[in-house]
>>> print(open('data-v8.txt').read())   # compact mmCIF, C-alpha atoms
# COMPACT_ATOMS: atom_id res chain seq x y z
CA MET A 1 -98.32 -70.38 -15.98
CA PRO A 2 -101.24 -69.23 -13.85
CA VAL A 3 -99.69 -71.20 -10.97
CA MET A 4 -96.21 -69.83 -11.64
CA ARG A 5 -97.17 -66.19 -11.50
CA PRO A 6 -98.31 -66.04 -7.86
CA ALA A 7 -95.31 -68.13 -6.88
CA LEU A 8 -92.92 -65.68 -8.57
CA PHE A 9 -94.76 -62.78 -7.05
CA GLY A 10 -94.41 -64.39 -3.62
CA LEU A 11 -90.67 -64.88 -4.16
CA LEU A 12 -90.32 -61.28 -5.25
CA LEU A 13 -92.15 -60.12 -2.13
CA MET A 14 -89.91 -62.28 0.03
CA PHE A 15 -86.72 -60.83 -1.44
CA THR A 16 -87.81 -57.23 -1.37
CA GLY A 17 -89.12 -57.75 2.15
CA GLN A 18 -85.72 -59.10 3.21
CA ALA A 19 -83.81 -56.29 1.55
CA SER A 20 -85.74 -53.55 3.27
CA ALA A 21 -85.49 -55.19 6.68
CA ALA A 22 -81.78 -55.89 6.39
CA VAL A 23 -80.22 -52.70 7.78
CA GLU A 24 -80.97 -52.68 11.49
CA PRO A 25 -80.78 -49.18 12.98
CA ALA A 26 -79.31 -50.62 16.19
CA ALA A 27 -76.47 -52.18 14.22
CA LEU A 28 -75.73 -48.87 12.49
CA GLN A 29 -75.76 -47.11 15.85
CA ALA A 30 -73.29 -49.63 17.23
CA LEU A 31 -70.95 -48.94 14.28
CA GLU A 32 -71.31 -45.21 14.83
CA ARG A 33 -70.55 -45.58 18.54
CA MET A 34 -67.44 -47.56 17.69
CA GLY A 35 -66.34 -44.88 15.21
CA ASN A 36 -66.87 -42.09 17.70
CA TYR A 37 -65.03 -43.99 20.40
CA LEU A 38 -62.08 -44.77 18.15
CA ARG A 39 -61.89 -41.10 17.14
CA SER A 40 -61.89 -40.09 20.81
CA LEU A 41 -58.77 -42.11 21.68
CA LYS A 42 -55.73 -39.86 21.98
CA GLN A 43 -53.35 -42.80 22.10
CA PHE A 44 -53.62 -46.53 21.96
CA GLY A 45 -51.79 -49.72 21.26
CA VAL A 46 -53.27 -52.75 19.60
CA GLU A 47 -51.96 -56.18 18.75
CA ALA A 48 -53.76 -57.98 15.95
CA SER A 49 -53.31 -61.58 14.90
CA SER A 50 -54.70 -62.21 11.45
CA GLN A 51 -55.25 -64.90 8.84
CA THR A 52 -55.41 -63.84 5.20
CA ASP A 53 -56.47 -66.05 2.31
CA GLN A 54 -54.67 -65.95 -1.00
CA VAL A 55 -55.78 -67.77 -4.12
CA LEU A 56 -53.06 -69.51 -6.10
CA GLU A 57 -52.93 -69.91 -9.89
CA SER A 58 -54.19 -73.46 -9.39
CA GLY A 59 -57.38 -72.12 -7.81
CA GLN A 60 -56.35 -73.44 -4.39
CA THR A 61 -56.72 -71.07 -1.46
CA VAL A 62 -53.97 -70.82 1.14
CA GLU A 63 -53.84 -68.88 4.37
CA PHE A 64 -51.10 -66.56 5.60
CA ARG A 65 -50.82 -65.57 9.25
CA HIS A 66 -49.47 -62.27 10.53
CA THR A 67 -49.06 -60.46 13.81
CA THR A 68 -49.51 -56.70 13.67
CA ARG A 69 -48.50 -54.33 16.45
CA LEU A 70 -49.64 -50.75 16.26
CA LEU A 71 -48.91 -47.83 18.53
CA ALA A 72 -50.59 -44.51 17.85
CA GLN A 73 -50.59 -41.09 19.42
CA GLN A 74 -52.90 -38.57 17.84
CA PRO A 75 -52.48 -36.54 15.81
CA ASP A 76 -49.06 -37.30 14.38
CA LYS A 77 -47.22 -40.29 15.83
CA LEU A 78 -47.45 -43.86 14.65
CA MET A 79 -45.51 -47.09 14.69
CA VAL A 80 -46.80 -50.25 13.13
CA SER A 81 -45.04 -53.55 12.53
CA VAL A 82 -46.22 -56.67 10.73
CA ASP A 83 -44.56 -60.03 11.43
CA ASN A 84 -44.80 -62.96 9.08
CA GLN A 85 -42.53 -65.96 8.58
CA GLY A 86 -39.58 -64.45 10.41
CA VAL A 87 -39.74 -61.13 8.56
CA ARG A 88 -40.84 -57.96 10.31
CA ARG A 89 -41.84 -54.91 8.32
CA THR A 90 -42.16 -51.70 10.28
CA LEU A 91 -43.40 -48.24 9.52
CA TYR A 92 -42.36 -45.36 11.76
CA TYR A 93 -43.98 -41.95 11.61
CA ASN A 94 -42.80 -39.12 13.82
CA GLY A 95 -44.94 -36.31 12.45
CA LYS A 96 -42.32 -35.19 9.91
CA ARG A 97 -41.13 -38.23 8.01
CA PHE A 98 -41.99 -41.85 7.67
CA ILE A 99 -39.58 -44.73 7.51
CA LEU A 100 -40.06 -48.23 6.15
CA TYR A 101 -37.76 -50.92 7.47
CA GLN A 102 -37.80 -54.62 6.71
CA SER A 103 -35.86 -56.72 9.15
CA PRO A 104 -33.68 -58.65 9.11
CA GLY A 105 -31.81 -56.62 6.53
CA PRO A 106 -29.77 -53.47 6.07
CA TYR A 107 -32.17 -51.49 3.88
CA TYR A 108 -34.64 -48.81 4.86
CA ALA A 109 -36.53 -46.10 3.00
CA SER A 110 -37.68 -42.71 4.15
CA ALA A 111 -39.85 -39.89 2.82
CA PRO A 112 -41.42 -36.65 4.01
CA ALA A 113 -44.82 -37.05 5.65
CA PRO A 114 -47.83 -34.84 6.25
CA ALA A 115 -48.70 -33.55 9.71
CA SER A 116 -51.35 -36.07 10.72
CA ILE A 117 -51.93 -39.80 10.76
CA ASN A 118 -54.89 -39.41 8.43
CA GLY A 119 -52.81 -37.37 6.00
CA LEU A 120 -50.15 -40.06 6.14
CA ILE A 121 -52.69 -42.79 5.37
CA ASP A 122 -53.84 -40.89 2.27
CA LEU A 123 -50.30 -40.19 1.08
CA LEU A 124 -49.18 -43.79 1.55
CA ASN A 125 -52.18 -44.99 -0.34
CA THR A 126 -52.27 -42.61 -3.27
CA ARG A 127 -48.58 -42.15 -3.92
CA TYR A 128 -46.89 -45.30 -2.74
CA GLY A 129 -49.59 -47.93 -3.09
CA ILE A 130 -49.25 -48.74 0.60
CA GLU A 131 -52.37 -49.53 2.55
CA LEU A 132 -51.60 -48.84 6.19
CA PRO A 133 -52.18 -51.99 8.25
CA LEU A 134 -55.38 -51.68 10.30
CA ALA A 135 -56.23 -48.41 8.54
CA ASP A 136 -59.91 -49.02 9.27
CA LEU A 137 -59.22 -48.15 12.91
CA PHE A 138 -58.38 -44.60 11.77
CA ARG A 139 -60.84 -44.31 8.93
CA TRP A 140 -63.94 -45.36 10.79
CA ASN A 141 -66.12 -42.40 11.69
CA ALA A 142 -69.78 -41.52 11.99
CA ASN A 143 -70.23 -41.46 8.20
CA SER A 144 -68.37 -44.62 7.38
CA ALA A 145 -71.41 -46.87 7.23
CA ARG A 146 -72.86 -44.67 4.50
CA GLN A 147 -69.56 -44.29 2.67
CA ALA A 148 -68.96 -48.00 2.71
CA GLY A 149 -72.35 -48.54 1.11
CA LEU A 150 -73.81 -50.97 3.64
CA ARG A 151 -76.55 -53.12 2.13
CA SER A 152 -77.27 -55.04 5.28
CA ALA A 153 -76.39 -54.81 8.98
CA LEU A 154 -77.64 -57.38 11.47
CA LEU A 155 -77.03 -58.26 15.09
CA ILE A 156 -76.35 -61.99 15.19
CA GLY A 157 -75.72 -62.52 18.91
CA SER A 158 -72.93 -62.18 21.41
CA ASP A 159 -69.79 -64.16 22.19
CA THR A 160 -67.06 -64.13 24.77
CA LEU A 161 -63.77 -63.54 22.95
CA ASP A 162 -60.51 -63.42 24.88
CA GLY A 163 -62.42 -62.77 28.11
CA GLN A 164 -64.44 -59.90 26.62
CA ARG A 165 -68.16 -59.97 26.02
CA CYS A 166 -68.65 -58.90 22.39
CA ASP A 167 -71.72 -58.34 20.21
CA HIS A 168 -71.56 -60.07 16.86
CA TYR A 169 -72.73 -58.16 13.78
CA ALA A 170 -73.03 -59.34 10.18
CA LEU A 171 -72.67 -56.71 7.47
CA ARG A 172 -72.84 -56.69 3.73
CA GLN A 173 -71.48 -54.34 1.06
CA ASP A 174 -71.40 -54.65 -2.70
CA ASP A 175 -68.24 -56.74 -2.92
CA ILE A 176 -67.74 -57.99 0.62
CA ASP A 177 -69.48 -59.59 3.54
CA TRP A 178 -67.98 -58.73 6.87
CA GLN A 179 -68.52 -59.60 10.49
CA LEU A 180 -67.62 -57.53 13.47
CA TRP A 181 -67.49 -58.47 17.11
CA LEU A 182 -67.77 -55.30 19.15
CA ARG A 183 -66.93 -55.06 22.85
CA GLN A 184 -69.95 -54.49 25.06
CA GLY A 185 -69.97 -51.64 27.57
CA GLU A 186 -68.27 -48.24 27.70
CA GLN A 187 -65.40 -49.11 25.38
CA PRO A 188 -66.95 -50.24 22.09
CA LEU A 189 -63.76 -51.54 20.48
CA PRO A 190 -63.50 -54.21 17.81
CA CYS A 191 -62.81 -57.64 19.31
CA ARG A 192 -62.68 -59.43 16.00
CA LEU A 193 -63.25 -58.66 12.33
CA THR A 194 -63.65 -60.92 9.31
CA ILE A 195 -63.95 -59.78 5.69
CA THR A 196 -65.03 -62.14 2.91
CA ARG A 197 -64.82 -61.15 -0.74
CA ARG A 198 -67.86 -62.01 -2.80
CA ASP A 199 -66.56 -60.72 -6.13
CA ILE A 200 -64.52 -63.84 -6.92
CA PRO A 201 -65.73 -67.43 -6.61
CA GLU A 202 -63.06 -68.52 -4.11
CA HIS A 203 -64.35 -66.00 -1.52
CA PRO A 204 -60.98 -65.30 0.11
CA ARG A 205 -61.25 -64.21 3.71
CA HIS A 206 -59.26 -61.99 6.05
CA SER A 207 -59.84 -62.32 9.80
CA VAL A 208 -58.33 -60.33 12.65
CA ASP A 209 -58.40 -60.72 16.42
CA PHE A 210 -57.61 -57.53 18.34
CA THR A 211 -55.97 -57.13 21.73
CA TRP A 212 -56.23 -53.55 22.93
CA GLN A 213 -53.93 -51.54 25.15
CA LEU A 214 -55.54 -48.20 25.97
CA LYS A 215 -52.74 -47.02 28.24
CA PRO A 216 -49.67 -47.93 26.22
CA ALA A 217 -46.21 -47.20 27.54
CA LEU A 218 -44.93 -44.42 25.28
CA SER A 219 -41.55 -42.76 25.28
CA ALA A 220 -39.76 -40.15 23.19
CA THR A 221 -38.25 -42.92 21.07
CA SER A 222 -41.40 -44.99 20.55
CA PHE A 223 -41.94 -43.54 17.09
CA GLU A 224 -38.33 -43.02 16.02
CA PHE A 225 -36.42 -45.37 13.79
CA ALA A 226 -33.01 -46.31 15.11
CA PRO A 227 -31.02 -47.53 12.09
CA PRO A 228 -29.13 -50.71 12.87
CA HIS A 229 -25.39 -50.79 12.34
CA GLY A 230 -24.60 -50.75 8.63
CA ALA A 231 -28.09 -49.73 7.58
CA GLN A 232 -28.39 -48.21 4.10
CA GLU A 233 -31.09 -45.93 2.83
CA VAL A 234 -32.57 -47.03 -0.50
CA PRO A 235 -35.21 -45.47 -2.78
CA LEU A 236 -38.90 -45.81 -2.11
CA GLN A 237 -40.68 -46.56 -5.34
CA TRP A 238 -43.92 -44.92 -6.27
CA ALA A 239 -46.58 -47.56 -6.83
CA PRO A 240 -50.32 -47.07 -7.18
CA GLY A 241 -52.71 -48.84 -4.85
CA LYS A 242 -55.11 -51.24 -6.47
CA TYR A 243 -58.20 -50.01 -4.75
CA SER A 244 -57.33 -46.34 -4.73
CA LEU A 245 -57.76 -46.26 -8.49
CA GLU A 246 -61.26 -47.56 -8.40
CA ALA A 247 -64.27 -45.37 -8.03
CA GLN A 248 -66.06 -46.13 -4.80
CA PRO A 249 -69.82 -46.24 -4.27
CA MET R 1 -70.37 -91.87 -42.43
CA GLY R 2 -70.24 -91.93 -38.69
CA PRO R 3 -66.82 -93.57 -38.19
CA ARG R 4 -65.22 -91.48 -40.93
CA GLN R 5 -66.25 -88.34 -39.15
CA VAL R 6 -64.85 -89.61 -35.90
CA GLN R 7 -61.43 -90.36 -37.42
CA PRO R 8 -60.28 -86.82 -38.13
CA GLY R 9 -61.63 -85.72 -34.79
CA GLY R 10 -59.57 -88.43 -33.12
CA ALA R 11 -56.46 -87.34 -34.96
CA THR R 12 -57.03 -83.75 -33.90
CA MET R 13 -57.48 -84.91 -30.34
CA LYS R 14 -54.25 -86.83 -30.49
CA ARG R 15 -52.37 -83.82 -31.81
CA LEU R 16 -53.98 -81.66 -29.14
CA HIS R 17 -52.97 -84.23 -26.57
CA TRP R 18 -49.29 -84.04 -27.56
CA LEU R 19 -49.47 -80.30 -27.71
CA LEU R 20 -50.91 -80.20 -24.21
CA CYS R 21 -48.22 -82.57 -23.01
CA GLY R 22 -45.57 -80.30 -24.48
CA VAL R 23 -47.06 -77.21 -22.93
CA LEU R 24 -47.42 -78.94 -19.59
CA SER R 25 -43.86 -80.18 -19.49
CA ALA R 26 -42.62 -76.75 -20.56
CA CYS R 27 -44.59 -75.27 -17.68
CA LEU R 28 -43.15 -77.83 -15.29
CA LEU R 29 -39.63 -77.06 -16.44
CA HIS R 30 -40.30 -73.37 -16.05
CA THR R 31 -41.70 -73.61 -12.55
CA SER R 32 -38.85 -75.82 -11.45
CA ILE R 33 -36.59 -72.84 -12.15
CA ALA R 34 -38.89 -70.49 -10.31
CA GLN R 35 -41.19 -71.72 -7.56
CA ALA R 36 -43.66 -74.51 -7.13
CA TRP R 37 -46.58 -72.18 -6.60
CA GLN R 38 -47.70 -68.90 -8.02
CA LEU R 39 -50.17 -66.38 -6.71
CA ARG R 40 -53.15 -65.54 -8.76
CA GLY R 41 -53.05 -61.80 -9.36
CA GLY R 42 -55.97 -60.13 -7.63
CA GLY R 43 -56.72 -63.30 -5.68
CA GLY R 44 -56.00 -61.96 -2.22
CA ALA R 45 -58.49 -61.36 0.54
CA ARG R 46 -59.53 -57.78 1.11
CA THR R 47 -58.11 -56.44 4.34
CA PHE R 48 -60.14 -53.30 4.93
CA VAL R 49 -63.78 -52.27 5.12
CA VAL R 50 -63.85 -48.51 4.69
CA PRO R 51 -63.05 -47.47 1.10
CA HIS R 52 -59.71 -45.75 0.70
CA THR R 53 -61.13 -42.63 -0.79
CA GLY R 54 -63.25 -42.13 2.31
CA GLY R 55 -65.96 -40.29 0.41
CA HIS R 56 -63.57 -38.05 -1.49
CA PRO R 57 -63.51 -38.40 -5.23
CA PRO R 58 -60.87 -40.90 -6.24
CA PRO R 59 -57.52 -39.37 -7.21
CA PRO R 60 -56.84 -38.88 -10.91
CA HIS R 61 -55.35 -41.89 -12.58
CA PRO R 62 -51.67 -41.52 -11.89
CA MET R 63 -50.33 -44.02 -14.42
CA PRO R 64 -48.92 -41.65 -17.07
CA GLN R 65 -46.69 -39.84 -14.61
CA PRO R 66 -43.22 -41.19 -15.23
CA GLN R 67 -41.89 -40.52 -11.75
CA PRO R 68 -41.01 -43.63 -9.85
CA HIS R 69 -39.25 -41.71 -7.08
CA PRO R 70 -41.16 -38.68 -5.94
CA GLN R 71 -38.94 -37.74 -3.06
CA PRO R 72 -35.89 -35.62 -3.75
CA GLY R 73 -33.66 -38.18 -2.20
CA PRO R 74 -29.89 -38.27 -2.44
CA HIS R 75 -30.00 -41.21 -4.81
CA PRO R 76 -28.26 -40.56 -8.09
CA GLN R 77 -29.38 -43.90 -9.37
CA PRO R 78 -29.03 -45.24 -12.85
CA GLU R 79 -32.46 -45.58 -14.33
CA PRO R 80 -33.35 -49.08 -15.37
CA ARG R 81 -33.77 -49.19 -19.10
CA PRO R 82 -37.00 -50.43 -20.61
CA TYR R 83 -37.45 -54.12 -20.71
CA PRO R 84 -36.67 -55.83 -24.01
CA GLN R 85 -33.31 -54.22 -24.54
CA PRO R 86 -30.18 -56.10 -25.39
CA HIS R 87 -28.21 -56.08 -22.19
CA PRO R 88 -24.51 -55.39 -22.32
CA TYR R 89 -23.40 -58.60 -20.64
CA PRO R 90 -22.49 -61.74 -22.50
CA ALA R 91 -24.99 -64.26 -21.24
CA PRO R 92 -23.28 -67.56 -20.54
CA ARG R 93 -26.60 -69.36 -20.92
CA PRO R 94 -29.83 -68.65 -22.75
CA MET R 95 -31.72 -65.90 -20.98
CA PRO R 96 -34.26 -67.15 -18.45
CA PRO R 97 -37.80 -65.96 -19.06
CA PRO R 98 -38.37 -62.58 -17.42
CA PRO R 99 -40.26 -62.79 -14.13
CA PRO R 100 -43.95 -61.99 -14.30
CA PRO R 101 -44.91 -58.48 -13.25
CA PRO R 102 -45.74 -58.38 -9.56
CA PRO R 103 -49.39 -58.38 -8.54
CA PRO R 104 -50.72 -55.14 -7.08
CA PRO R 105 -48.86 -54.45 -3.88
CA ASP R 106 -51.27 -54.91 -1.06
CA ASN R 107 -48.06 -55.17 0.68
CA TRP R 108 -48.54 -56.19 4.30
CA TYR R 109 -50.83 -59.18 4.31
CA HIS R 110 -50.47 -60.55 0.81
CA PRO R 111 -47.41 -62.61 0.10
CA TRP R 112 -46.82 -61.19 -3.33
CA ALA R 113 -43.20 -60.70 -2.43
CA ALA R 114 -42.69 -64.32 -1.49
CA ALA R 115 -44.20 -65.55 -4.71
CA ALA R 116 -42.25 -63.59 -7.28
CA VAL R 117 -39.59 -65.45 -9.18
CA VAL R 118 -36.28 -65.65 -7.42
CA GLY R 119 -33.22 -65.07 -9.60
CA ALA R 120 -31.81 -68.42 -10.57
CA THR R 121 -28.09 -68.25 -9.93
CA THR R 122 -25.38 -65.66 -10.08
CA ALA R 123 -24.11 -67.22 -13.30
CA THR R 124 -27.27 -66.35 -15.22
CA ALA R 125 -27.68 -62.83 -16.54
CA ILE R 126 -31.12 -61.36 -15.98
CA ALA R 127 -32.80 -58.70 -18.07
CA ILE R 128 -32.45 -55.12 -16.87
CA GLY R 129 -35.64 -53.93 -15.26
CA SER R 130 -36.46 -57.36 -13.85
CA GLN R 131 -37.56 -57.31 -10.25
CA VAL R 132 -37.02 -60.05 -7.70
CA THR R 133 -37.74 -60.38 -4.00
CA SER R 134 -34.44 -61.87 -3.00
CA VAL R 135 -31.01 -62.31 -4.51
CA PRO R 136 -28.78 -65.38 -4.49
CA ALA R 137 -26.83 -65.91 -1.31
CA ASP R 138 -23.44 -65.39 -2.98
CA CYS R 139 -24.20 -61.83 -4.09
CA VAL R 140 -21.94 -59.11 -2.76
CA SER R 141 -23.29 -55.97 -1.13
CA VAL R 142 -21.69 -52.92 -2.77
CA VAL R 143 -22.16 -49.19 -2.24
CA ALA R 144 -21.18 -47.08 -5.26
CA ASN R 145 -21.72 -43.30 -5.32
CA ASN R 146 -23.77 -43.64 -2.17
CA VAL R 147 -26.15 -46.07 -3.87
CA ALA R 148 -26.60 -49.58 -2.52
CA TYR R 149 -26.26 -52.52 -4.92
CA GLN R 150 -26.13 -56.27 -4.82
CA HIS R 151 -23.49 -57.51 -7.27
CA CYS R 152 -24.11 -61.02 -8.48
CA GLY R 153 -21.83 -62.20 -11.30
CA PRO R 154 -22.95 -60.36 -14.43
CA THR R 155 -26.00 -58.88 -12.72
CA TRP R 156 -26.36 -55.75 -10.61
CA TYR R 157 -29.40 -55.35 -8.44
CA GLN R 158 -30.55 -52.19 -6.79
CA PRO R 159 -32.56 -52.70 -3.60
CA ARG R 160 -35.57 -50.46 -3.19
CA TYR R 161 -38.83 -50.43 -1.32
CA VAL R 162 -41.92 -51.21 -3.35
CA GLY R 163 -44.88 -50.95 -1.04
CA GLY R 164 -43.70 -52.20 2.32
CA ASN R 165 -41.28 -54.70 0.79
CA VAL R 166 -37.68 -54.66 -0.26
CA GLN R 167 -37.38 -55.55 -3.94
CA PHE R 168 -34.29 -55.94 -6.08
CA VAL R 169 -34.35 -54.41 -9.52
CA VAL R 170 -31.80 -55.35 -12.15
CA VAL R 171 -29.92 -52.22 -13.25
CA PRO R 172 -26.95 -51.48 -15.50
CA ALA R 173 -23.54 -51.85 -13.90
CA PRO R 174 -22.56 -48.66 -12.04
CA TRP R 175 -19.01 -48.89 -13.46
>>> encode(input="data-v8.txt", output="structure tokens")
Amino acid sequence: MPVMRPALFGLLLMFTGQASAAVEPAALQALERMGNYLRSLKQFGVEASSQTDQVLESGQTVEFRHTTRLLAQQPDKLMVSVDNQGVRRTLYYNGKRFILYQSPGPYYASAPAPASINGLIDLLNTRYGIELPLADLFRWNANSARQAGLRSALLIGSDTLDGQRCDHYALRQDDIDWQLWLRQGEQPLPCRLTITRRDIPEHPRHSVDFTWQLKPALSATSFEFAPPHGAQEVPLQWAPGKYSLEAQP
Amino acid sequence: MGPRQVQPGGATMKRLHWLLCGVLSACLLHTSIAQAWQLRGGGGARTFVVPHTGGHPPPPHPMPQPQPHPQPGPHPQPEPRPYPQPHPYPAPRPMPPPPPPPPPPDNWYHPWAAAAVVGATTATAIAIGSQVTSVPADCVSVVANNVAYQHCGPTWYQPRYVGGNVQFVVVPAPW
């Protein structure tokens, strides 16, 4: 026992020492810079290719791949489509209404929308259980690091991704570990993002590679839904979001 | 003493074994109707970092509100009756087990739609209120009173968006 006690004490010191050193101010500043830069963009386009894990009843984990295209014009225009296995699901928002359309198929749904992209994100989430794809790009602001409850933020190194030099950060929250590659220089945009759940043993992971278009070609019809021939409007069912019902730290 | 204690245990094991076999084969039969794989509810990767509530207090729990369609849309739709109701159609075969309730709709990146049970055939009646992600190929698209349906033998489906996905809900016949 007399030998054990100093050993335990040493371990305790080690852990507490690690915990206090884990949030690097430079990493937080980089996140803040990214948030400020994203908030400063009046319009942008981004293409994101992603891999998303899903655990099956058997306990096996499988991966689903998607391509997301997003076009935004602040404050009140948005178009985002997600392609997977030959199906494209698109959301159009023209500042007055939003439309959901799954193609191929004749059915679309439509509902009144608030006057800003951020208002739309909240409405979709709370009333319809819809998490806007890539919503982090709109949610991230100067306070996000605190709101997200970061336990740890570290600079790991830098990589060249898709021809861009990007700093690699490792971050930790209560339920997730995430990694962010952030473009170096005057345009601190996300190059790549991975999110790993720690709250279930399979640790399913979502990873996204971003290709940015800061001068997208926009026209009057970019955010308008053109119903295909024979299209039929159908109801949009209210459905609560899973995470919106949970209290956040 | 020892062997006598083992005997009953062995018999119990044997019974358990047959029971397990029965359950397993029942499961196999069931999944052959539905799909070879099933999602585990809540087993999807998380796709966002910043919490939804963004620092605001979370919205009040909206479950008790019985309003599936908040927009005043021009959809005079027949409301699907609650689940375990005798349906008005003569079922030519025993009713298939109702599909499991869909996992939470994290609609864009989680294939919950693809994994729900697909309605077997047009010949089989399905309980009203059931929800499927696709209908059999021989269903007929019908518009009655400005409401879209898929008519499949004894079953009427109403297409609707749940999350970002089209779902088909079994409803009473419109006529």
>>> closest_residue(input="data-v8.txt", among="R:Ala137, R:Ala45, R:Val171, R:Val166", to="Pro106 of chain A", atoms="all atoms listed in the file")
R:Val166
>>> interface_residues(input="data-v8.txt", of="chain A", to="chain R", cutoff="6 Å", atoms="only C-alpha atoms", output="ChimeraX atom specification")
/A:53-57,129-130,147-148,204-206,234-238,242,244,247
>>> atom_distance(input="data-v8.txt", atom1="atom CA of Gln102 of chain A", atom2="atom CA of Arg127 of chain A")
19.6 Å
>>> closest_residue(input="data-v8.txt", among="A:Leu70, A:Ala111, A:Cys166, A:Ile176", to="Cys191 of chain A", atoms="all atoms listed in the file")
A:Cys166
>>> closest_residue(input="data-v8.txt", among="A:Leu124, A:Leu180, A:Val62, A:Leu134", to="Leu154 of chain A", atoms="only C-alpha atoms")
A:Leu180
>>> residues_near_point(input="data-v8.txt", point="(-68.7, -46.7, 17.9)", cutoff="10 Å", atoms="only C-alpha atoms", output="ChimeraX atom specification")
/A:28-40,140-142,182-183,186-190
>>> axis_aligned_box(input="data-v8.txt", around="segment 57-65 of chain A", padding_each_side="4 Å", output="lines of an AutoDock Vina configuration file")
center_x = -54.1
center_y = -69.5
center_z = -0.3
size_x = 14.6
size_y = 15.9
size_z = 27.1
>>> atom_distance(input="data-v8.txt", atom1="atom CA of Gly105 of chain A", atom2="atom CA of Leu78 of chain A")
21.8 Å
>>> closest_residue(input="data-v8.txt", among="A:Ala109, A:Glu47, A:Leu193, A:Lys77", to="Lys96 of chain A", atoms="all atoms listed in the file")
A:Lys77
>>> atom_distance(input="data-v8.txt", atom1="atom CA of Gly95 of chain A", atom2="atom CA of Gly119 of chain A")
10.2 Å
>>> closest_residue(input="data-v8.txt", among="A:Ser144, A:Gln232, A:Thr211, A:Gln184", to="Ser110 of chain A", atoms="only C-alpha atoms")
A:Gln232
>>> residues_near_point(input="data-v8.txt", point="(-22.7, -53.1, -11.4)", cutoff="10 Å", atoms="only C-alpha atoms", output="ChimeraX atom specification")
/R:142-144,149-158,170-175
